[in-house]
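*Asks:* One structure follows; several queries about it will come next.
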Amino acid sequence: MRTVYMDNAATSYPKAPGVAEAMSDYILNVGCNIGRGDYEAAYDAASLALETREQVKKLVNGPGTRNVIFTPGSTHSLNDMLKGLLKPGDRVVTSPMEHNAVLRPLTQLQKTGVEIDYLPCDETGALRLEEVPAHLTPGTRAVVLTHASNVCGTILPIGPVGRLCRERGIRFLVDASQTAGAVPIDMAEMGIDGLAFPGHKGLLGPQGIGLMVLTDQLAEEMEPLIAGGTGSVSHELEMPSFLPDRFEAGTLDLPGIYGLHAALCWLEEQGPALWKKEHKVACHLWARMKELEGMGLRVVGTDDLSLRTGVVSVDFQTADNGEMAFRLSQDYGISTRCGLHCAPLAHKALNTFPQGTVRFSVGPFTTFEDADYVGCSVEALLGSL
């Protein structure tokens, strides 16, 4: 039976060519730490880590190489930013389209006295931009916003919101888990103070390595959540005041960094054509699913294809979504994600709560033939109901 992987929004598969080999090379032939050894292998590893920071800075037009912080993942990065910045009495503005990586830390902070306000979104997941200024009241410390919904693929207007925040002196934090590597990001142009994203999705790297890119101003206002050894200023009991050491206590995930470096090298070789092709395949799949809406299927998210990522999420109107996802896997070899996708408020905005959706998510290795096969399989499934 043919198999088609349609769960790239959870993690990309396959990974970029060279990722596994780079990680294996580190484990088999390098093996040392950085910042803790005065020998050639340690210097070489440190150089590769620095080069990886430079690649990330270039990718998102970050403020500087030292402003690129390695973390265990996007969730960790978001917790670092939110809990390191917000204090009791602060006010933070977010949206209902957020992943629980934002919603749960904010809920914890709310119990300490942080006030939360939600920007309005319509039933396609689009932000009502004209209503945003009214929510940016005096006393608002930060806005945290996803770049694109992991549920429906709708891209939010990060640039316009960032400029509104900059005009008001409000820190702007962005969750780019669904867009980094697949949608262009420019921190300077978009007014982003803090950017969080993983290495294992659009960047096509391994799980367990993530990024947090901070402006100097935001970094100065944040307290590190984790303290420990950095290999620098070891005579002091306080965490270093300089980046990236201030937020990188402990041993870095060097196998992950080697894998991420290989992935970024491959992405640089491919250029913008890679994500443009991915978007075309996603639009092809979206159009195929829209053709089936009269058969008892609802496609969620915006109909503006310029504001969509590679996510195509559907709600079976006359059948259980979980059962349909199971049948797609068992009968047709199609791997999807079913449920609430760790974003309950998004489903309420999209009118897909509590049943959730079946989410198809393409990646750079997904073909038009894959999309056609998925469309025919869903059509056959609907016809059997």
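Going through the structure tokens in order, the chains are called A, B, and so on, while each chain numbers its residues from 1 and the ligands are numbered from 1 in the order shown.
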Near segment 285-300 of chain A, within 9 Å and counting only C-alpha atoms, which residues show up once chain neighbours fewer than 5 positions away are dropped, as number ranges by chain?
*Replies:* A: 123-125, 151-153, 280, 305, 311-319, 350-352, 357, 360, 362, 368, 370-372, 374-376, 378-379, 382-383
*Asks:* I need the chosen residues saved as a CSV table (one decimal), in the first residue's frame, with N, CA and C atoms.
*Replies:*
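Written file, result19.csv:
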chain,number,residue,atom,x,y,z
A,123,GLU,N,-14.1,33.5,12.0
A,123,GLU,CA,-14.2,32.0,12.0
A,123,GLU,C,-13.3,31.4,10.9
A,124,THR,N,-12.5,32.2,10.2
A,124,THR,CA,-11.5,31.7,9.3
A,124,THR,C,-10.1,31.7,10.0
A,125,GLY,N,-10.0,32.2,11.2
A,125,GLY,CA,-8.7,32.3,11.9
A,125,GLY,C,-8.0,33.6,11.7
A,151,VAL,N,-3.6,25.0,13.4
A,151,VAL,CA,-4.9,24.2,13.2
A,151,VAL,C,-5.4,24.4,11.8
A,152,CYS,N,-5.4,25.6,11.3
A,152,CYS,CA,-6.0,25.9,10.0
A,152,CYS,C,-5.1,26.4,9.0
A,153,GLY,N,-3.9,26.8,9.4
A,153,GLY,CA,-2.9,27.4,8.4
A,153,GLY,C,-3.0,28.8,8.1
A,280,LYS,N,2.6,25.9,-3.4
A,280,LYS,CA,1.8,25.5,-4.5
A,280,LYS,C,1.1,24.1,-4.3
A,305,LEU,N,-5.5,32.3,-0.5
A,305,LEU,CA,-4.4,31.4,-0.5
A,305,LEU,C,-3.0,32.0,-0.2
A,311,VAL,N,-0.8,23.9,5.8
A,311,VAL,CA,-1.8,23.1,6.6
A,311,VAL,C,-3.2,23.2,5.9
A,312,VAL,N,-3.8,22.1,5.7
A,312,VAL,CA,-5.1,22.0,5.2
A,312,VAL,C,-5.9,21.1,6.2
A,313,SER,N,-6.8,21.8,6.9
A,313,SER,CA,-7.5,21.1,8.0
A,313,SER,C,-9.0,21.0,7.6
A,314,VAL,N,-9.6,19.8,7.9
A,314,VAL,CA,-10.9,19.5,7.5
A,314,VAL,C,-11.7,18.9,8.6
A,315,ASP,N,-13.0,19.1,8.6
A,315,ASP,CA,-14.0,18.6,9.5
A,315,ASP,C,-15.0,17.8,8.8
A,316,PHE,N,-15.0,16.5,9.1
A,316,PHE,CA,-16.0,15.6,8.5
A,316,PHE,C,-17.4,15.9,9.1
A,317,GLN,N,-18.4,16.3,8.3
A,317,GLN,CA,-19.6,16.7,8.9
A,317,GLN,C,-20.6,15.6,9.3
A,318,THR,N,-20.4,14.4,8.7
A,318,THR,CA,-21.3,13.3,8.9
A,318,THR,C,-20.6,12.1,9.5
A,319,ALA,N,-19.4,12.2,10.0
A,319,ALA,CA,-18.7,11.1,10.5
A,319,ALA,C,-17.7,11.6,11.6
A,350,LEU,N,-12.9,28.8,15.3
A,350,LEU,CA,-13.2,28.2,14.0
A,350,LEU,C,-14.4,27.3,13.9
A,351,ASN,N,-15.1,27.3,15.1
A,351,ASN,CA,-16.3,26.4,15.2
A,351,ASN,C,-16.1,25.0,14.9
A,352,THR,N,-15.0,24.5,15.4
A,352,THR,CA,-14.6,23.1,15.3
A,352,THR,C,-14.4,22.4,16.7
A,357,THR,N,-10.4,18.7,14.2
A,357,THR,CA,-10.3,18.5,12.8
A,357,THR,C,-9.3,17.4,12.4
A,360,PHE,N,-4.2,17.8,7.5
A,360,PHE,CA,-3.2,17.4,6.5
A,360,PHE,C,-2.2,18.5,6.4
A,362,VAL,N,1.4,19.6,4.5
A,362,VAL,CA,2.5,19.2,3.5
A,362,VAL,C,3.8,19.8,3.9
A,368,PHE,N,2.8,16.9,-5.9
A,368,PHE,CA,1.4,17.1,-6.4
A,368,PHE,C,0.7,15.7,-6.5
A,370,ASP,N,1.1,13.2,-4.5
A,370,ASP,CA,0.7,12.9,-3.1
A,370,ASP,C,-0.6,13.7,-2.8
A,371,ALA,N,-0.7,14.9,-3.2
A,371,ALA,CA,-1.9,15.7,-2.9
A,371,ALA,C,-3.1,15.1,-3.6
A,372,ASP,N,-2.9,14.7,-4.9
A,372,ASP,CA,-4.0,14.1,-5.6
A,372,ASP,C,-4.4,12.8,-5.0
A,374,VAL,N,-4.2,12.0,-1.9
A,374,VAL,CA,-5.0,12.3,-0.6
A,374,VAL,C,-6.4,12.7,-1.0
A,375,GLY,N,-6.5,13.6,-2.0
A,375,GLY,CA,-7.8,14.0,-2.4
A,375,GLY,C,-8.7,12.9,-2.9
A,376,CYS,N,-8.2,12.0,-3.7
A,376,CYS,CA,-9.0,10.8,-4.1
A,376,CYS,C,-9.3,9.9,-3.0
A,378,VAL,N,-9.8,10.8,0.2
A,378,VAL,CA,-10.8,11.4,1.0
A,378,VAL,C,-12.2,11.3,0.3
A,379,GLU,N,-12.1,11.5,-1.0
A,379,GLU,CA,-13.4,11.4,-1.8
A,379,GLU,C,-14.0,10.0,-1.7
A,382,LEU,N,-15.5,9.5,1.7
A,382,LEU,CA,-16.8,10.2,1.8
A,382,LEU,C,-17.8,9.4,1.1
A,383,GLY,N,-17.5,8.8,0.0
A,383,GLY,CA,-18.4,8.1,-0.8
A,383,GLY,C,-18.9,6.8,-0.2
*Asks:* Give me the segment 194-289 of chain A side of the contact with segment 69-93 of chain A, cut-off 10 Å, one line per residue showing its nearest atom pair and distance in Å at one decimal, counting only C-alpha atoms, sorted by chain and residue number, as JSON lines.
*Replies:*
{"residue": "A:Gly194", "atom": "CA", "partner": "A:Met81", "partner_atom": "CA", "distance": 7.3}
{"residue": "A:Leu195", "atom": "CA", "partner": "A:Ser77", "partner_atom": "CA", "distance": 8.3}
{"residue": "A:Ala196", "atom": "CA", "partner": "A:Ser74", "partner_atom": "CA", "distance": 5.4}
{"residue": "A:Phe197", "atom": "CA", "partner": "A:Ser74", "partner_atom": "CA", "distance": 4.6}
{"residue": "A:Pro198", "atom": "CA", "partner": "A:Ser74", "partner_atom": "CA", "distance": 4.8}
{"residue": "A:Gly199", "atom": "CA", "partner": "A:Gly73", "partner_atom": "CA", "distance": 7.2}
{"residue": "A:His200", "atom": "CA", "partner": "A:Gly73", "partner_atom": "CA", "distance": 8.6}
{"residue": "A:Gln207", "atom": "CA", "partner": "A:Gly73", "partner_atom": "CA", "distance": 7.7}
{"residue": "A:Gly208", "atom": "CA", "partner": "A:Pro72", "partner_atom": "CA", "distance": 5.0}
{"residue": "A:Ile209", "atom": "CA", "partner": "A:Pro72", "partner_atom": "CA", "distance": 4.6}
{"residue": "A:Gly210", "atom": "CA", "partner": "A:Gly73", "partner_atom": "CA", "distance": 3.7}
{"residue": "A:Leu211", "atom": "CA", "partner": "A:Phe70", "partner_atom": "CA", "distance": 4.9}
{"residue": "A:Met212", "atom": "CA", "partner": "A:Ile69", "partner_atom": "CA", "distance": 5.0}
{"residue": "A:Val213", "atom": "CA", "partner": "A:Ile69", "partner_atom": "CA", "distance": 6.0}
{"residue": "A:Leu214", "atom": "CA", "partner": "A:Ile69", "partner_atom": "CA", "distance": 7.9}
{"residue": "A:Leu218", "atom": "CA", "partner": "A:Leu85", "partner_atom": "CA", "distance": 8.0}
{"residue": "A:Ala219", "atom": "CA", "partner": "A:Leu85", "partner_atom": "CA", "distance": 8.8}
{"residue": "A:Glu220", "atom": "CA", "partner": "A:Leu85", "partner_atom": "CA", "distance": 9.4}
{"residue": "A:Glu221", "atom": "CA", "partner": "A:Leu85", "partner_atom": "CA", "distance": 6.2}
{"residue": "A:Met222", "atom": "CA", "partner": "A:Gly84", "partner_atom": "CA", "distance": 4.6}
{"residue": "A:Glu223", "atom": "CA", "partner": "A:Gly84", "partner_atom": "CA", "distance": 4.6}
{"residue": "A:Pro224", "atom": "CA", "partner": "A:Gly84", "partner_atom": "CA", "distance": 6.0}
{"residue": "A:Leu225", "atom": "CA", "partner": "A:Asp80", "partner_atom": "CA", "distance": 6.1}
{"residue": "A:Ile226", "atom": "CA", "partner": "A:Asp80", "partner_atom": "CA", "distance": 8.6}
{"residue": "A:Leu243", "atom": "CA", "partner": "A:Ile69", "partner_atom": "CA", "distance": 7.9}
{"residue": "A:Pro244", "atom": "CA", "partner": "A:Ile69", "partner_atom": "CA", "distance": 5.7}
{"residue": "A:Asp245", "atom": "CA", "partner": "A:Ile69", "partner_atom": "CA", "distance": 8.3}
{"residue": "A:Arg246", "atom": "CA", "partner": "A:Ile69", "partner_atom": "CA", "distance": 9.2}
{"residue": "A:Phe247", "atom": "CA", "partner": "A:Ile69", "partner_atom": "CA", "distance": 6.9}
{"residue": "A:Glu248", "atom": "CA", "partner": "A:Phe70", "partner_atom": "CA", "distance": 6.9}
{"residue": "A:Ala249", "atom": "CA", "partner": "A:Thr71", "partner_atom": "CA", "distance": 9.8}
{"residue": "A:Leu252", "atom": "CA", "partner": "A:Phe70", "partner_atom": "CA", "distance": 7.4}
{"residue": "A:Asp253", "atom": "CA", "partner": "A:Pro72", "partner_atom": "CA", "distance": 7.7}
{"residue": "A:Leu254", "atom": "CA", "partner": "A:Phe70", "partner_atom": "CA", "distance": 9.9}
{"residue": "A:Gly256", "atom": "CA", "partner": "A:Pro72", "partner_atom": "CA", "distance": 9.2}
{"residue": "A:Ile257", "atom": "CA", "partner": "A:Phe70", "partner_atom": "CA", "distance": 8.4}
*Asks:* Within 12 Å of Glu189 of chain A, counting only C-alpha atoms, which residues show up once you throw out same-chain ones fewer than 2 positions away? Write them as number ranges by chain, please.
*Replies:* A: 60-63, 158-163, 166, 184-187, 191-193
*Asks:* Using only C-alpha atoms, which residues sit within 8 Å of Gln355 of chain A once same-chain residues fewer than 3 positions away are excluded, as a list in words?
*Replies:*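 Those residues are Asp320, Asn321, Gly339, Leu340 and Thr352 of chain A.
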*Asks:* Quick one: pick out all strand (DSSP E) residues within segment 123-169 of chain A from a backbone DSSP run and write them as a list in words.
*Replies:* Thr140, Arg141, Ala142, Val143, Val144, Leu145 and Thr146 of chain A
*Asks:* How would the residues just picked look written out with N, CA, C and O atoms as a PDB file, in the first residue's frame?
*Replies:*
ATOM      1  N   THR A 140       0.059  47.962  28.747  1.00  0.00           N
ATOM      2  CA  THR A 140       0.303  46.686  28.078  1.00  0.00           C
ATOM      3  C   THR A 140       1.807  46.475  27.948  1.00  0.00           C
ATOM      4  O   THR A 140       2.504  47.299  27.359  1.00  0.00           O
ATOM      5  N   ARG A 141       2.293  45.391  28.508  1.00  0.00           N
ATOM      6  CA  ARG A 141       3.747  45.127  28.495  1.00  0.00           C
ATOM      7  C   ARG A 141       4.172  44.408  27.224  1.00  0.00           C
ATOM      8  O   ARG A 141       5.261  44.654  26.696  1.00  0.00           O
ATOM      9  N   ALA A 142       3.329  43.484  26.751  1.00  0.00           N
ATOM     10  CA  ALA A 142       3.747  42.672  25.617  1.00  0.00           C
ATOM     11  C   ALA A 142       2.547  42.180  24.835  1.00  0.00           C
ATOM     12  O   ALA A 142       1.442  42.049  25.351  1.00  0.00           O
ATOM     13  N   VAL A 143       2.792  41.910  23.556  1.00  0.00           N
ATOM     14  CA  VAL A 143       1.865  41.175  22.702  1.00  0.00           C
ATOM     15  C   VAL A 143       2.584  39.904  22.269  1.00  0.00           C
ATOM     16  O   VAL A 143       3.749  39.958  21.847  1.00  0.00           O
ATOM     17  N   VAL A 144       1.903  38.767  22.384  1.00  0.00           N
ATOM     18  CA  VAL A 144       2.466  37.505  21.908  1.00  0.00           C
ATOM     19  C   VAL A 144       1.490  36.921  20.912  1.00  0.00           C
ATOM     20  O   VAL A 144       0.298  36.794  21.184  1.00  0.00           O
ATOM     21  N   LEU A 145       2.000  36.563  19.736  1.00  0.00           N
ATOM     22  CA  LEU A 145       1.129  36.180  18.634  1.00  0.00           C
ATOM     23  C   LEU A 145       1.790  35.083  17.814  1.00  0.00           C
ATOM     24  O   LEU A 145       2.999  35.117  17.562  1.00  0.00           O
ATOM     25  N   THR A 146       0.977  34.112  17.397  1.00  0.00           N
ATOM     26  CA  THR A 146       1.487  33.105  16.479  1.00  0.00           C
ATOM     27  C   THR A 146       1.573  33.704  15.081  1.00  0.00           C
ATOM     28  O   THR A 146       0.736  34.526  14.693  1.00  0.00           O
TER      29      THR A 146
END
*Asks:* Got a sec: who's within 6 Å of segment 98-105 of chain A, counting only C-alpha atoms, leaving out chain neighbours fewer than 2 positions off, as an mmCIF file with all heavy atoms, in the first residue's frame?
*Replies:*
data_model
loop_
_atom_site.group_PDB
_atom_site.id
_atom_site.type_symbol
_atom_site.label_atom_id
_atom_site.label_comp_id
_atom_site.auth_asym_id
_atom_site.auth_seq_id
_atom_site.Cartn_x
_atom_site.Cartn_y
_atom_site.Cartn_z
ATOM 1 N N THR A 75 8.630 25.518 22.489
ATOM 2 C CA THR A 75 7.897 25.638 23.751
ATOM 3 C C THR A 75 8.797 26.214 24.843
ATOM 4 O O THR A 75 8.403 27.086 25.620
ATOM 5 C CB THR A 75 7.332 24.286 24.185
ATOM 6 O OG1 THR A 75 6.384 23.843 23.207
ATOM 7 C CG2 THR A 75 6.652 24.363 25.538
ATOM 8 N N PRO A 96 -6.786 34.080 20.219
ATOM 9 C CA PRO A 96 -7.325 32.737 20.437
ATOM 10 C C PRO A 96 -6.708 31.681 19.516
ATOM 11 O O PRO A 96 -6.964 30.491 19.701
ATOM 12 C CB PRO A 96 -8.824 32.903 20.133
ATOM 13 C CG PRO A 96 -8.903 34.081 19.235
ATOM 14 C CD PRO A 96 -7.789 34.994 19.655
ATOM 15 N N THR A 107 -1.531 31.098 31.230
ATOM 16 C CA THR A 107 -2.469 30.717 32.291
ATOM 17 C C THR A 107 -1.754 30.610 33.624
ATOM 18 O O THR A 107 -2.283 31.029 34.669
ATOM 19 C CB THR A 107 -3.150 29.384 31.938
ATOM 20 O OG1 THR A 107 -3.890 29.548 30.719
ATOM 21 C CG2 THR A 107 -4.113 28.954 33.037
ATOM 22 N N GLN A 108 -0.543 30.064 33.631
ATOM 23 C CA GLN A 108 0.250 30.018 34.862
ATOM 24 C C GLN A 108 0.564 31.426 35.348
ATOM 25 O O GLN A 108 0.460 31.726 36.546
ATOM 26 C CB GLN A 108 1.547 29.240 34.626
ATOM 27 C CG GLN A 108 1.350 27.750 34.426
ATOM 28 C CD GLN A 108 2.677 27.034 34.200
ATOM 29 O OE1 GLN A 108 3.592 27.562 33.571
ATOM 30 N NE2 GLN A 108 2.771 25.810 34.703
ATOM 31 N N THR A 146 0.977 34.112 17.397
ATOM 32 C CA THR A 146 1.487 33.105 16.479
ATOM 33 C C THR A 146 1.573 33.704 15.081
ATOM 34 O O THR A 146 0.736 34.526 14.693
ATOM 35 C CB THR A 146 0.585 31.857 16.470
ATOM 36 O OG1 THR A 146 1.187 30.849 15.647
ATOM 37 C CG2 THR A 146 -0.805 32.157 15.931
ATOM 38 N N CYS A 342 -3.610 20.802 20.286
ATOM 39 C CA CYS A 342 -3.054 21.626 21.368
ATOM 40 C C CYS A 342 -3.423 23.099 21.216
ATOM 41 O O CYS A 342 -2.657 23.984 21.617
ATOM 42 C CB CYS A 342 -1.531 21.492 21.459
ATOM 43 S SG CYS A 342 -0.942 19.812 21.718
ATOM 44 N N ALA A 343 -4.590 23.385 20.625
ATOM 45 C CA ALA A 343 -5.003 24.774 20.433
ATOM 46 C C ALA A 343 -6.513 24.883 20.613
ATOM 47 O O ALA A 343 -7.250 25.151 19.660
ATOM 48 C CB ALA A 343 -4.577 25.264 19.050
#
*Asks:* When you count only C-alpha atoms, which of these residues is closest to Gly356 of chain A: A:Gly271, A:Pro344, A:Pro240, A:Pro133?
*Replies:*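 Among the listed residues, A:Pro344 lies closest to Gly356 of chain A.
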*Asks:* For each of A:Ala349, A:Ser384, A:Met190, A:Trp275, take the minimum atom-to-atom distance to Leu119 of chain A, counting only C-alpha atoms, then give the residue where this is smallest.
*Replies:*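 Smallest distance to Leu119 of chain A is found for A:Ala349.
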*Asks:* Find the residues around Asp331 of chain A up to 12 Å (only C-alpha atoms counted), leave out those fewer than 3 positions away in its own chain, and share them as a list of chain:residue names.
*Replies:*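 My reading of the contact set: A:Met1, A:Arg2, A:Thr3, A:Val4, A:Glu323, A:Met324, A:Ala325, A:Phe326, A:Arg327, A:Leu328, A:Ile334, A:Ser335, A:Val374, A:Ser377, A:Val378, A:Ala380, A:Leu381.
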*Asks:* With all heavy atoms retained, export the selected residues as a compact mmCIF listing (two decimals), in the first residue's frame.
*Replies:*
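Done, and the output landed in part_15.txt:
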# COMPACT_ATOMS: atom_id res chain seq x y z
N MET A 1 0.85 -1.21 0.00
CA MET A 1 0.00 0.00 0.00
C MET A 1 0.87 1.25 0.00
O MET A 1 1.89 1.31 0.69
CB MET A 1 -0.91 0.00 1.23
CG MET A 1 -1.82 1.21 1.35
SD MET A 1 -3.04 1.09 2.67
CE MET A 1 -1.98 0.84 4.11
N ARG A 2 0.48 2.22 -0.77
CA ARG A 2 1.21 3.48 -0.82
C ARG A 2 1.12 4.18 0.53
O ARG A 2 0.10 4.09 1.23
CB ARG A 2 0.59 4.37 -1.90
CG ARG A 2 1.25 5.74 -2.02
CD ARG A 2 0.69 6.51 -3.20
NE ARG A 2 1.32 7.81 -3.35
CZ ARG A 2 1.15 8.61 -4.39
NH1 ARG A 2 0.35 8.23 -5.37
NH2 ARG A 2 1.76 9.78 -4.44
N THR A 3 2.17 4.89 0.91
CA THR A 3 2.14 5.67 2.15
C THR A 3 2.45 7.13 1.81
O THR A 3 3.31 7.43 0.98
CB THR A 3 3.17 5.17 3.17
OG1 THR A 3 4.49 5.23 2.61
CG2 THR A 3 2.86 3.72 3.57
N VAL A 4 1.72 8.02 2.46
CA VAL A 4 1.91 9.45 2.28
C VAL A 4 1.95 10.12 3.64
O VAL A 4 1.02 9.98 4.43
CB VAL A 4 0.78 10.07 1.42
CG1 VAL A 4 0.97 11.58 1.31
CG2 VAL A 4 0.74 9.44 0.04
N GLU A 323 -12.34 8.58 13.63
CA GLU A 323 -12.53 7.38 12.83
C GLU A 323 -12.05 7.59 11.40
O GLU A 323 -11.42 6.71 10.80
CB GLU A 323 -14.01 6.98 12.80
CG GLU A 323 -14.28 5.72 11.99
CD GLU A 323 -15.75 5.36 11.92
OE1 GLU A 323 -16.55 5.96 12.67
OE2 GLU A 323 -16.10 4.48 11.10
N MET A 324 -12.30 8.77 10.85
CA MET A 324 -11.86 9.05 9.48
C MET A 324 -10.34 9.09 9.39
O MET A 324 -9.75 8.58 8.43
CB MET A 324 -12.45 10.38 9.01
CG MET A 324 -13.97 10.40 8.89
SD MET A 324 -14.64 9.18 7.72
CE MET A 324 -15.12 7.84 8.84
N ALA A 325 -9.68 9.68 10.38
CA ALA A 325 -8.22 9.71 10.38
C ALA A 325 -7.66 8.29 10.48
O ALA A 325 -6.66 7.95 9.81
CB ALA A 325 -7.71 10.56 11.55
N PHE A 326 -8.31 7.45 11.28
CA PHE A 326 -7.87 6.06 11.42
C PHE A 326 -8.03 5.31 10.10
O PHE A 326 -7.12 4.58 9.68
CB PHE A 326 -8.67 5.36 12.51
CG PHE A 326 -8.33 3.92 12.70
CD1 PHE A 326 -7.17 3.55 13.36
CD2 PHE A 326 -9.15 2.91 12.19
CE1 PHE A 326 -6.83 2.21 13.53
CE2 PHE A 326 -8.83 1.57 12.36
CZ PHE A 326 -7.67 1.23 13.03
N ARG A 327 -9.15 5.52 9.43
CA ARG A 327 -9.38 4.84 8.16
C ARG A 327 -8.42 5.33 7.08
O ARG A 327 -7.95 4.55 6.23
CB ARG A 327 -10.83 5.02 7.72
CG ARG A 327 -11.82 4.24 8.57
CD ARG A 327 -13.23 4.33 8.02
NE ARG A 327 -13.32 3.79 6.66
CZ ARG A 327 -14.43 3.82 5.92
NH1 ARG A 327 -15.54 4.37 6.42
NH2 ARG A 327 -14.45 3.30 4.71
N LEU A 328 -8.11 6.61 7.08
CA LEU A 328 -7.13 7.13 6.13
C LEU A 328 -5.77 6.46 6.31
O LEU A 328 -5.07 6.16 5.34
CB LEU A 328 -6.99 8.64 6.29
CG LEU A 328 -8.13 9.50 5.72
CD1 LEU A 328 -8.00 10.94 6.18
CD2 LEU A 328 -8.12 9.43 4.19
N ILE A 334 -2.25 7.02 4.70
CA ILE A 334 -2.05 8.46 4.82
C ILE A 334 -1.93 8.83 6.30
O ILE A 334 -2.83 8.57 7.09
CB ILE A 334 -3.23 9.22 4.18
CG1 ILE A 334 -3.33 8.89 2.69
CG2 ILE A 334 -3.06 10.73 4.39
CD1 ILE A 334 -4.59 9.41 2.03
N SER A 335 -0.81 9.43 6.66
CA SER A 335 -0.55 9.84 8.05
C SER A 335 -1.02 11.26 8.26
O SER A 335 -0.53 12.19 7.59
CB SER A 335 0.94 9.72 8.37
OG SER A 335 1.40 8.40 8.18
N VAL A 374 -4.23 11.95 -1.85
CA VAL A 374 -4.98 12.27 -0.64
C VAL A 374 -6.39 12.71 -1.00
O VAL A 374 -7.38 12.28 -0.39
CB VAL A 374 -4.26 13.35 0.18
CG1 VAL A 374 -5.15 13.86 1.31
CG2 VAL A 374 -2.96 12.81 0.75
N SER A 377 -8.44 9.76 -2.04
CA SER A 377 -8.70 8.89 -0.88
C SER A 377 -9.80 9.46 -0.03
O SER A 377 -10.69 8.72 0.44
CB SER A 377 -7.42 8.70 -0.07
OG SER A 377 -6.40 8.12 -0.85
N VAL A 378 -9.77 10.76 0.24
CA VAL A 378 -10.83 11.39 1.02
C VAL A 378 -12.16 11.30 0.29
O VAL A 378 -13.21 11.03 0.90
CB VAL A 378 -10.46 12.86 1.34
CG1 VAL A 378 -11.64 13.57 2.00
CG2 VAL A 378 -9.24 12.91 2.25
N ALA A 380 -13.08 8.98 -1.83
CA ALA A 380 -13.55 7.60 -1.72
C ALA A 380 -14.10 7.31 -0.34
O ALA A 380 -15.12 6.62 -0.18
CB ALA A 380 -12.40 6.64 -2.04
N LEU A 381 -13.47 7.87 0.68
CA LEU A 381 -13.92 7.68 2.05
C LEU A 381 -15.29 8.31 2.25
O LEU A 381 -16.19 7.70 2.85
CB LEU A 381 -12.89 8.28 3.00
CG LEU A 381 -12.95 7.88 4.48
CD1 LEU A 381 -12.84 6.38 4.64
CD2 LEU A 381 -11.82 8.57 5.24
*Asks:* Give me every helix (DSSP H, G or I) residue in segment 132-267 of chain A, going by DSSP on the backbone, as number ranges by chain.
*Replies:* A: 132-135, 158-168, 187-190, 216-221, 245-247, 254-267
*Asks:* Output the selection as a PDB file, in the first residue's frame - C-alpha atoms for each residue.
*Replies:*
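What ended up in again07.pdb:
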ATOM      1  CA  VAL A 132      -6.091  45.649  17.418  1.00  0.00           C
ATOM      2  CA  PRO A 133      -5.218  49.255  18.430  1.00  0.00           C
ATOM      3  CA  ALA A 134      -8.085  49.376  20.939  1.00  0.00           C
ATOM      4  CA  HIS A 135      -6.521  46.427  22.795  1.00  0.00           C
ATOM      5  CA  ILE A 158       2.623  39.974  12.074  1.00  0.00           C
ATOM      6  CA  GLY A 159       4.158  43.003  10.360  1.00  0.00           C
ATOM      7  CA  PRO A 160       1.269  45.427  10.941  1.00  0.00           C
ATOM      8  CA  VAL A 161       0.857  44.278  14.558  1.00  0.00           C
ATOM      9  CA  GLY A 162       4.578  44.600  15.169  1.00  0.00           C
ATOM     10  CA  ARG A 163       4.602  48.159  13.873  1.00  0.00           C
ATOM     11  CA  LEU A 164       1.690  49.061  16.150  1.00  0.00           C
ATOM     12  CA  CYS A 165       3.619  47.624  19.100  1.00  0.00           C
ATOM     13  CA  ARG A 166       6.784  49.479  18.194  1.00  0.00           C
ATOM     14  CA  GLU A 167       4.917  52.800  18.027  1.00  0.00           C
ATOM     15  CA  ARG A 168       3.637  52.199  21.575  1.00  0.00           C
ATOM     16  CA  MET A 187      12.454  40.617  12.541  1.00  0.00           C
ATOM     17  CA  ALA A 188      13.552  44.176  11.846  1.00  0.00           C
ATOM     18  CA  GLU A 189      10.849  44.900   9.276  1.00  0.00           C
ATOM     19  CA  MET A 190       8.107  43.194  11.291  1.00  0.00           C
ATOM     20  CA  ASP A 216      19.099  43.562  23.028  1.00  0.00           C
ATOM     21  CA  GLN A 217      16.287  45.569  24.609  1.00  0.00           C
ATOM     22  CA  LEU A 218      14.115  42.530  25.289  1.00  0.00           C
ATOM     23  CA  ALA A 219      17.062  40.488  26.576  1.00  0.00           C
ATOM     24  CA  GLU A 220      17.875  43.215  29.113  1.00  0.00           C
ATOM     25  CA  GLU A 221      14.318  43.067  30.458  1.00  0.00           C
ATOM     26  CA  ASP A 245      25.445  32.969  27.565  1.00  0.00           C
ATOM     27  CA  ARG A 246      22.782  34.666  29.708  1.00  0.00           C
ATOM     28  CA  PHE A 247      20.147  32.248  28.409  1.00  0.00           C
ATOM     29  CA  LEU A 254      25.509  19.676  20.055  1.00  0.00           C
ATOM     30  CA  PRO A 255      24.234  16.687  18.042  1.00  0.00           C
ATOM     31  CA  GLY A 256      21.110  18.759  17.417  1.00  0.00           C
ATOM     32  CA  ILE A 257      23.139  21.824  16.454  1.00  0.00           C
ATOM     33  CA  TYR A 258      25.198  19.767  13.987  1.00  0.00           C
ATOM     34  CA  GLY A 259      21.993  18.397  12.486  1.00  0.00           C
ATOM     35  CA  LEU A 260      20.404  21.855  12.352  1.00  0.00           C
ATOM     36  CA  HIS A 261      23.512  23.267  10.692  1.00  0.00           C
ATOM     37  CA  ALA A 262      23.295  20.640   7.953  1.00  0.00           C
ATOM     38  CA  ALA A 263      19.594  21.355   7.454  1.00  0.00           C
ATOM     39  CA  LEU A 264      20.183  25.103   7.185  1.00  0.00           C
ATOM     40  CA  CYS A 265      22.992  24.544   4.669  1.00  0.00           C
ATOM     41  CA  TRP A 266      20.640  22.478   2.515  1.00  0.00           C
ATOM     42  CA  LEU A 267      17.847  25.067   2.802  1.00  0.00           C
TER      43      LEU A 267
END
*Asks:* Per residue of segment 322-360 of chain A within 10 Å of segment 10-31 of chain A, note the shortest atom pair and the distance in Å to one decimal, counting only C-alpha atoms, and order the rows by chain and increasing residue number, as a tab-separated table.
*Replies:*
residue	atom	partner	partner_atom	distance
A:Thr336	CA	A:Ala10	CA	9.4
A:Arg337	CA	A:Ala10	CA	8.1
A:His341	CA	A:Ala10	CA	9.0
A:Arg359	CA	A:Ala10	CA	10.0
